[in-house]
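J.: This is the structure I have questions about; it appears just below.
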Amino acid sequence: MIVIKGLVKRYGSLLALDHLDLQVGRGMILGLLGPNGAGKTTLVSVLNGLTGFQQGRIEIFGLPLADNICEIRSRSAYIPQSLALYESLTVLENLQFFSSLLRLSQKRRRRNLDHAIGVNRLEKMLDRRVSLLSGGQKQRLNIGIGLLNDPELLYFDEPTAGIDPELRNDILDSITTLAGGGKTVIYTSHYLPEIEKICDQAAIIHKGKILRQGDLAAMLAHKNRNNAVVELAGKLPELPVVKAVGRACHLERLDDTTLLIEDATADNMAEILRLLERQEIGVRQIRYGAASLESLYLRIIAGDKNV
Amino acid sequence: MFKAMLLKECILVLRDKHALAALFIMPSLFILIMSVALKDTFNESRPLLHYGIVDQDDSTASRQLRGFLSAGTTLVYHDNVPDSPARQHQLLQGKLQLIVTIPSGFAAQLALSSSVSLLRLDVAADIKPEILTVFKARLATDVLRLRLATMEKDLAPFVPDVAERLKELDYSGKGLVNVYYSSAHGNAKPSSTQQSVPSWIVFGMFFVIIPLSTVFINERRQNTLKRMAAMNISIPLLFAGKLIPYVIINQLQMALMVGVGVFVVPLLGAPALTPGHSVVALGMVSLGLSLAAIGTSLLIAVLAATIEQATTVGGLVNILFGAIGGVMVPKFYMPPEMQSFSVVSPMSWGLEGFLDVFLRGLGPGAVLTETLALVFFGMVMLILAGGVLHFQMKRGI
């Protein structure tokens, strides 16, 4: 579906995408992970033809991007991070406006509109102005607009940012349903549990490069142990603390204020907390279990490529 | 597709109360206020000067002179001015601009020689020189009239026909001179409404910057522009989708303001607007002006990062264009250098076009140059705005 080879994108002297390679298969949900400024939004913008690139080759639907941008756009949809809606218009007016921008037959336009309304449960709010909707309702409309051309390929740029957990699950379910219908999804998010929940594959992007791409289940399989991520209130001093604890269990420092503990049994955790207390380092948060992708992600970003 | 873009822009403007106020209410109020405030500017019988007379001579001749001076409404005569320098000084700082003193012995001096000073004038320090010149001319005419009356009496026994002709002379000037207003339609006398309506139509049309920039910057900020670009909407199509609704809005503005000039202004005591007789010429200027205003607005909207920036810069540009272009101060009040400089403002071209139609009653041929200049200016602004937007989108801004 998407093949990218040696993609280079520069903004002046800033190298935003650095010889990036990526492949996405048909019907797949790919989670694109990376810290702020890693190049996620730039990559999505390049794939939508919203910004150019200096070097490399991109093929989408088997078509070179540069020569087939209109055809590719007509078969894909971009759902931007911010709510790309008109606040003064009603839900139906927004849907009708964006629908009318598409070159579709009247019949297909009507069918797609009904589908977008149905999938996103917008029926009861069609006559309400967008400015009066909740954040979750706006996001559902935002996604609904993306479905108006019945796209084969969807780009979601952090669609659940700022949305409460219940609505977030709703949106994730909608995306899973869409993918079940054979659509290909590129999903960028900071919420790693979301990626674990809905994606088949993950690609970790950092400083414009894909550091790791693969099947999510396989990536997590050999690290599926009782992990914990400890966020510290202050900076961790140099190695002595780590070494002292390291005798009790496997412990790594992911960055100045984050520790990864593997085999985080109650005894090990108690010992670690005692040691931290002695060093007068507060603990802000401990995340158990579901931190498997997060730990992998943090270790890759931290430069550990032997995971 | 295009119809939807038009409809969307229209709905957005109609639901924006501030935009509607800026586009329709503000210019209409300007027209009402300025037409009424300036209604006497072109009135020849309005008072130009208030002056007093001190008659120290109290002779037949001096009383006759006072009688001559008291005729007319533009130079307003005040009698019973006290014969005290201190009091007169006080009056000249207040309600009077000038005091004429007829000294004792005036009647005797009048008969003697024309080269002798007959009257004394005390003037306020801030009197306008042209008013003083007009008053001195009036005084000279009335003194001459008095001398001719004396001569008439002296001549009557010897040459009665000459005396009779002297007696019949008309000193009012009425009927003596016919005034023709340059290029005015049907020699109609210019009025404040005729001057102010075109000015405020031009000014009001440029206020599309407020709704246009608000919508555009929101579209950019909320990524609806990106979304449209990802749906194959090109920049020319995007601009066309904005251009046409705002052209329609501009035409509605013009119709409303002409309507205010014709029907509402007279209710407030100012003269009604005469809308000229060439709809084609009016349409040409109006469309050209609309293109210039929308092009400028789009360029400002594209360059501005926030709505506040766009409305501040847009307002400033409007005021500068208006001040230079003769909207705020009519060009004929400007010194010649300033009048030459005013051609740099597109508002000046639009204003000249509207004055050609409303004031001078001219047709399409007369407004062609102004229209082409406005269209050219508008196209340049649109091309610049499109170029900047293309660059910004490629840079991901």
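Note on naming: chains are A, B, ... as they come in the structure tokens, residues start from 1 per chain, ligands start from 1 in the order shown.
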Write out as a VMD selection string which residues come within 6 Å of Gly295 in chain B when counting only C-alpha atoms, dropping same-chain ones fewer than 4 positions away.

T.: chain B and resid 291 378 381 to 382

J.: I'd like a table as a tab-separated table: residues in chain B with an atom no more than 6 Å from chain A, each row giving the shortest atom pair and its distance in Å to one decimal, only C-alpha atoms counted, sorted by chain and rising residue number.

T.:
```
residue	atom	partner	partner_atom	distance
B:Met1	CA	A:Leu101	CA	4.9
B:Ala4	CA	A:Phe97	CA	5.7
B:Gln222	CA	A:Ala84	CA	5.0
B:Asn223	CA	A:Ala84	CA	5.0
B:Thr224	CA	A:Ala84	CA	4.4
B:Lys394	CA	A:Thr51	CA	4.4
```

J.: Write the selection just made, keeping C-alpha atoms, as a tab-separated table (two decimals), in the first residue's frame?

T.:
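So part.tsv came out as:
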```tsv
chain	number	residue	atom	x	y	z
B	1	MET	CA	-18.04	22.33	-5.25
B	4	ALA	CA	-20.66	24.96	-1.56
B	222	GLN	CA	-7.71	24.72	12.71
B	223	ASN	CA	-6.18	22.96	9.72
B	224	THR	CA	-9.32	23.18	7.57
B	394	LYS	CA	5.03	23.84	1.34
```

J.: Please return, as a PyMOL selection string, all residues of range 76-278 of chain A that DSSP assigns to strand (DSSP E or B) on the basis of the backbone.

T.: chain A and resi 76-79+90+129+153-157+184-188+201-206+209-215+228-232+250-255+258-262

J.: Just the residues within 7 Å of range 253-261 of chain B, please, counting only C-alpha atoms, with nothing from its chain fewer than 3 positions along; format it as a PyMOL selection string.

T.: chain B and resi 23-24+28+193+197+201+249-250+264-265+272-273

J.: Counting only C-alpha atoms, which of B:Leu252, B:Gly72, B:Val202, B:Arg145 gets nearest to Leu20 in chain B?

T.: B:Leu252

J.: Could you name the residues that touch Pro82 in chain B at 12 Å or less, counting only C-alpha atoms, but leaving out those on the same chain fewer than 6 positions away, as a PyMOL selection string?

T.: chain B and resi 52-56+88-91+99-101

J.: Report, in Å to a single decimal, how far apart CA of Asn112 in chain A and CA of Gln23 in chain A are.

T.: 28.5 Å

J.: Please list as a list in words every residue within 7 Å of Gly288 in chain B, counting only C-alpha atoms and excluding residues in the same chain fewer than 2 positions away.

T.: Met284, Val285, Ser286, Ser290, Leu291, Ala292, Thr371, Leu374 and Val375 of chain B

J.: Give the answer as one residue: which of B:Ala37, B:Ile300, B:Leu14, B:Val162 has the shortest atom-to-atom distance to Ile209 in chain B, using only C-alpha atoms?

T.: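 Among the listed residues, the smallest separation from Ile209 in chain B belongs to B:Ile300.
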
J.: Identify, with DSSP run on backbone atoms, the residues in range 93-298 of chain B assigned to helix (DSSP H, G or I), and express the list as a PyMOL selection string.

T.: chain B and resi 106-112+129-155+160-167+185-187+192-221+224-230+235-268+279-298

J.: From the list A:Leu211, A:Ile4, A:Ile60, A:Leu32, which residue is nearest Glu194 in chain A when using only C-alpha atoms?

T.: A:Leu32

J.: Between A:Arg121, A:Arg287, A:His19, A:His206, which one has atoms that come closest to Gln139 in chain A, using only C-alpha atoms?

T.: A:Arg121

J.: Write out as a list in words the residues lying within 10 Å of Pro364 in chain B, counting only C-alpha atoms and excluding same-chain residues fewer than 6 positions away.

T.: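 So, after excluding close chain neighbours, the residues are Ser278, Val279, Val280, Ala281, Leu282, Gly283, Met284, Val285, Gly353, Asp356, Val357 and Thr371 of chain B.
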
J.: Quick one: write out the picked residues with all heavy atoms as a short mmCIF file (atom, residue, chain, number, x, y, z; two decimals), in the first residue's frame?

T.:
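Generated output (again05.cif):
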```cif
data_model
loop_
_atom_site.label_atom_id
_atom_site.label_comp_id
_atom_site.auth_asym_id
_atom_site.auth_seq_id
_atom_site.Cartn_x
_atom_site.Cartn_y
_atom_site.Cartn_z
N SER B 278 -25.60 56.14 -14.56
CA SER B 278 -24.98 55.02 -15.26
C SER B 278 -24.74 53.86 -14.31
O SER B 278 -23.78 53.85 -13.54
CB SER B 278 -23.66 55.45 -15.90
OG SER B 278 -23.05 54.32 -16.48
N VAL B 279 -25.63 52.89 -14.37
CA VAL B 279 -25.49 51.69 -13.53
C VAL B 279 -24.24 50.91 -13.94
O VAL B 279 -23.54 50.34 -13.10
CB VAL B 279 -26.75 50.80 -13.65
CG1 VAL B 279 -26.62 49.56 -12.81
CG2 VAL B 279 -27.98 51.58 -13.23
N VAL B 280 -23.96 50.92 -15.25
CA VAL B 280 -22.79 50.18 -15.75
C VAL B 280 -21.51 50.76 -15.14
O VAL B 280 -20.65 50.03 -14.63
CB VAL B 280 -22.73 50.22 -17.29
CG1 VAL B 280 -21.48 49.52 -17.81
CG2 VAL B 280 -23.97 49.55 -17.87
N ALA B 281 -21.40 52.08 -15.19
CA ALA B 281 -20.20 52.73 -14.64
C ALA B 281 -20.08 52.45 -13.15
O ALA B 281 -19.00 52.16 -12.63
CB ALA B 281 -20.26 54.23 -14.90
N LEU B 282 -21.21 52.53 -12.47
CA LEU B 282 -21.22 52.26 -11.03
C LEU B 282 -20.76 50.82 -10.75
O LEU B 282 -19.92 50.58 -9.87
CB LEU B 282 -22.65 52.46 -10.50
CG LEU B 282 -22.84 52.42 -8.99
CD1 LEU B 282 -22.05 53.52 -8.32
CD2 LEU B 282 -24.31 52.55 -8.63
N GLY B 283 -21.27 49.88 -11.54
CA GLY B 283 -20.89 48.48 -11.40
C GLY B 283 -19.41 48.26 -11.67
O GLY B 283 -18.74 47.50 -10.96
N MET B 284 -18.89 48.95 -12.70
CA MET B 284 -17.47 48.79 -13.05
C MET B 284 -16.58 49.21 -11.88
O MET B 284 -15.67 48.49 -11.47
CB MET B 284 -17.14 49.64 -14.29
CG MET B 284 -17.59 49.04 -15.60
SD MET B 284 -17.49 50.25 -16.95
CE MET B 284 -15.74 50.53 -17.08
N VAL B 285 -16.85 50.40 -11.35
CA VAL B 285 -16.02 50.92 -10.25
C VAL B 285 -16.16 50.01 -9.03
O VAL B 285 -15.17 49.65 -8.38
CB VAL B 285 -16.42 52.36 -9.87
CG1 VAL B 285 -15.55 52.88 -8.74
CG2 VAL B 285 -16.32 53.28 -11.07
N GLY B 353 -13.60 57.31 -9.21
CA GLY B 353 -14.59 56.62 -10.04
C GLY B 353 -16.00 56.89 -9.56
O GLY B 353 -16.89 57.22 -10.35
N ASP B 356 -17.03 60.38 -10.24
CA ASP B 356 -17.38 60.52 -11.67
C ASP B 356 -18.84 60.12 -11.88
O ASP B 356 -19.56 60.75 -12.65
CB ASP B 356 -16.49 59.61 -12.54
CG ASP B 356 -15.14 60.26 -12.82
OD1 ASP B 356 -15.01 61.48 -12.62
OD2 ASP B 356 -14.21 59.52 -13.22
N VAL B 357 -19.25 59.06 -11.19
CA VAL B 357 -20.61 58.56 -11.39
C VAL B 357 -21.64 59.41 -10.63
O VAL B 357 -22.60 59.91 -11.20
CB VAL B 357 -20.72 57.08 -10.95
CG1 VAL B 357 -22.14 56.56 -11.14
CG2 VAL B 357 -19.74 56.22 -11.74
N THR B 371 -11.11 51.88 -13.09
CA THR B 371 -11.50 50.46 -12.94
C THR B 371 -10.34 49.54 -13.27
O THR B 371 -10.05 48.59 -12.53
CB THR B 371 -12.70 50.14 -13.86
OG1 THR B 371 -13.74 51.07 -13.58
CG2 THR B 371 -13.21 48.74 -13.64
#
```

J.: Find the distance between CA of Ile127 in chain B and CA of Pro336 in chain B and write it in Å to one decimal.

T.: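 CA of Ile127 in chain B sits 23.3 Å away from CA of Pro336 in chain B.
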
J.: Skip range 163-170 of chain B itself and residues of its chain fewer than 6 positions away, then list as number ranges by chain all residues within 9 Å of it, counting only C-alpha atoms.

T.: B: 148-149, 151-157, 176
